[in-house]
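Engineer: Below you'll find the structure I mean.
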Amino acid sequence: MPITVNGSSVPLPDDPRVSLLDMLRDRMGLTGTKKGCNQGACGACTVLVDGRRIVSCLALAVQYDGAAVTTIEGLAGAGALHPLQAAFVEHDGFQCGYCTPGQICSAIGMAAEVRRGMPSHVTADLSAATIALDRDELRERMSGNLCRCGAHNGIVDAIMDVYAGAPVPARDAALVGEDAA
């Protein structure tokens with residue numbers, strides 16, 4: 001069964017040792033997803049697989065047979081930036097931009113986790129029906145995505161602008177398999 005990348009069906013590599021990251025970058029030319037540490041520690045390679053965020057450097061492409069992968073290139077639509085991409089620009093959530101694709105994909109997956117009620121280490125009430133996405137909750141949930149340039153304040157501001165207390169953007173609902181609010 002093929003893998004779907006940004007809405008297009010793609011055959012899996014013949015070599016089962018090819019990482020999802022290398023398939024995306026080297027075999028498909030989707031260089032928006034970055035190879036940072038290649039050890040799963042920096043988050044630069046974060047993509048969405050069936051709506052959940054993963055670090056693609058640690059994933060073998062064959063593991064995702066039949067899955068839907070969304071990279072940074074698959075977020076914009078109809079000639080317009082995804083709302084989070086636009087917020088990163090507005091809030092100066094990038095400097096060199098190397099971590100930005102992973103930050104954005106991770107934030108979309110993170111927001112879906114919050115909506116599903118998945119607690120984090122700093123979630124105060126584990127039995128609460130809803131989790132408020134405040135700055136501490138956001139920082140904890142995004143801690144696996146590093147920015148070496150120090151644009152964290154702009155990144156947090158951009159994510160808060162799009163996701164704190166706002167309804168689910170329709171594009172995100174489709175990406176993560178939810179109903180838009």
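Ordering of the structure tokens sets the chain letters (A, B, ...); residue numbers start at 1 within each chain; ligands are numbered from 1 in the order shown.
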Identify, with DSSP run on backbone atoms, the residues in region 110-178 of chain A assigned to alpha helix (DSSP H), and express the list as a ChimeraX atom specification.
Structural biologist: /A:110-115,135-141,152-163,170-176
Engineer: Sort by chain and increasing residue number a table of all residues of region 77-168 of chain A within 10 Å of region 53-60 of chain A, each with its closest pair of atoms and their distance in Å to one decimal, counting only C-alpha atoms, and write it as CSV.
Structural biologist:
```
residue,atom,partner,partner_atom,distance
A:Gly102,CA,A:Val55,CA,8.5
A:Cys105,CA,A:Arg53,CA,6.9
A:Ser106,CA,A:Arg53,CA,5.7
A:Ala107,CA,A:Arg53,CA,8.6
A:Ile108,CA,A:Arg53,CA,8.0
A:Gly109,CA,A:Arg53,CA,5.1
A:Met110,CA,A:Arg53,CA,7.5
A:Ala112,CA,A:Arg53,CA,9.6
A:Glu113,CA,A:Arg53,CA,9.5
A:Gly144,CA,A:Val55,CA,9.6
A:Asn145,CA,A:Val55,CA,9.7
```
Engineer: Using only C-alpha atoms, which residues sit within 9 Å of Ile72 (chain A) once same-chain residues fewer than 6 positions away are excluded, as a list in words?
Structural biologist: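 Returned residues: Asn6, Leu30, Gly32, Thr33, Val47, Pro101, Gly102, Ile104 and Cys105 of chain A.
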Engineer: For region 78-95 of chain A, list every protein, DNA or RNA residue within 10 Å, evaluated using only C-alpha atoms, and leave out those in the same chain fewer than 3 positions away; present the list as number ranges by chain.
Structural biologist: A: 72, 74-75, 98-101, 103-105, 107-108, 147-163, 169, 171-172
Engineer: Once DSSP has gone over the backbone, tell me which residues of chain A are in strand (DSSP E or B), as a list in words.
Structural biologist: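 So, restricting chain A to strand (DSSP E or B), we get Ile3, Thr4, Val5, Ser8, Ser9, Val10, Ser19, Thr46, Val47, Leu48, Val49, Arg52, Arg53, Ile54, Val55, Leu60, Ala68, Val69, Thr70, Gly77 and Ala80 of chain A.
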Engineer: Now that the selection is made, can you save its residues with C-alpha atoms as a compact mmCIF listing (two decimals), in the first residue's frame?
Structural biologist:
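So out-v2.txt came out as:
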```txt
# COMPACT_ATOMS: atom_id res chain seq x y z
CA ILE A 3 1.96 6.29 1.59
CA THR A 4 0.11 9.56 1.07
CA VAL A 5 2.27 12.67 1.34
CA SER A 8 -0.47 12.58 -3.17
CA SER A 9 0.01 8.84 -3.23
CA VAL A 10 3.69 7.87 -3.19
CA SER A 19 13.87 6.93 7.22
CA THR A 46 8.63 17.03 12.89
CA VAL A 47 5.80 16.14 10.50
CA LEU A 48 2.20 15.05 10.97
CA VAL A 49 1.32 11.39 10.37
CA ARG A 52 -0.17 13.15 15.05
CA ARG A 53 3.23 14.78 15.32
CA ILE A 54 6.31 12.60 14.99
CA VAL A 55 10.02 13.18 14.51
CA LEU A 60 11.24 4.23 8.95
CA ALA A 68 -1.19 10.17 5.51
CA VAL A 69 1.87 12.37 6.03
CA THR A 70 1.66 16.16 6.08
CA GLY A 77 -3.65 25.95 0.63
CA ALA A 80 -2.65 31.33 1.22
```
Engineer: May I ask for the distance between CA of Asp14 (chain A) and CA of Val62 (chain A), given in Å to one decimal place?
Structural biologist: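 Distance reported for this atom pair: 9.0 Å.
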Engineer: Env of Thr130 (chain A): 8 Å cut, atoms = only C-alpha atoms, seq-sep filter 3 positions within chain, self excluded. Answer as a PyMOL selection string.
Structural biologist: chain A and resi 114-115+117
Engineer: Quick one: residues within 7 Å of Lys35 (chain A), only C-alpha atoms, excluding same-chain residues fewer than 2 positions away - as a list in words?
Structural biologist: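 After dropping sequence-adjacent residues, the list is Thr33, Cys37, Asn38, Ala44 and Cys45 of chain A.
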Engineer: Create the file for the chosen residues now, containing N, CA and C atoms and written as a tab-separated table (two decimals), in the first residue's frame.
Structural biologist:
```tsv
chain	number	residue	atom	x	y	z
A	33	THR	N	11.07	20.01	5.46
A	33	THR	CA	11.34	19.23	6.67
A	33	THR	C	12.85	19.15	6.81
A	37	CYS	N	19.40	17.12	14.19
A	37	CYS	CA	20.30	16.25	14.94
A	37	CYS	C	20.34	14.83	14.39
A	38	ASN	N	19.30	14.42	13.68
A	38	ASN	CA	19.13	13.07	13.15
A	38	ASN	C	19.12	12.03	14.29
A	44	ALA	N	13.41	19.38	14.56
A	44	ALA	CA	13.41	20.07	13.27
A	44	ALA	C	12.72	19.26	12.18
A	45	CYS	N	12.68	17.96	12.34
A	45	CYS	CA	12.11	17.07	11.31
A	45	CYS	C	10.66	16.69	11.59
```
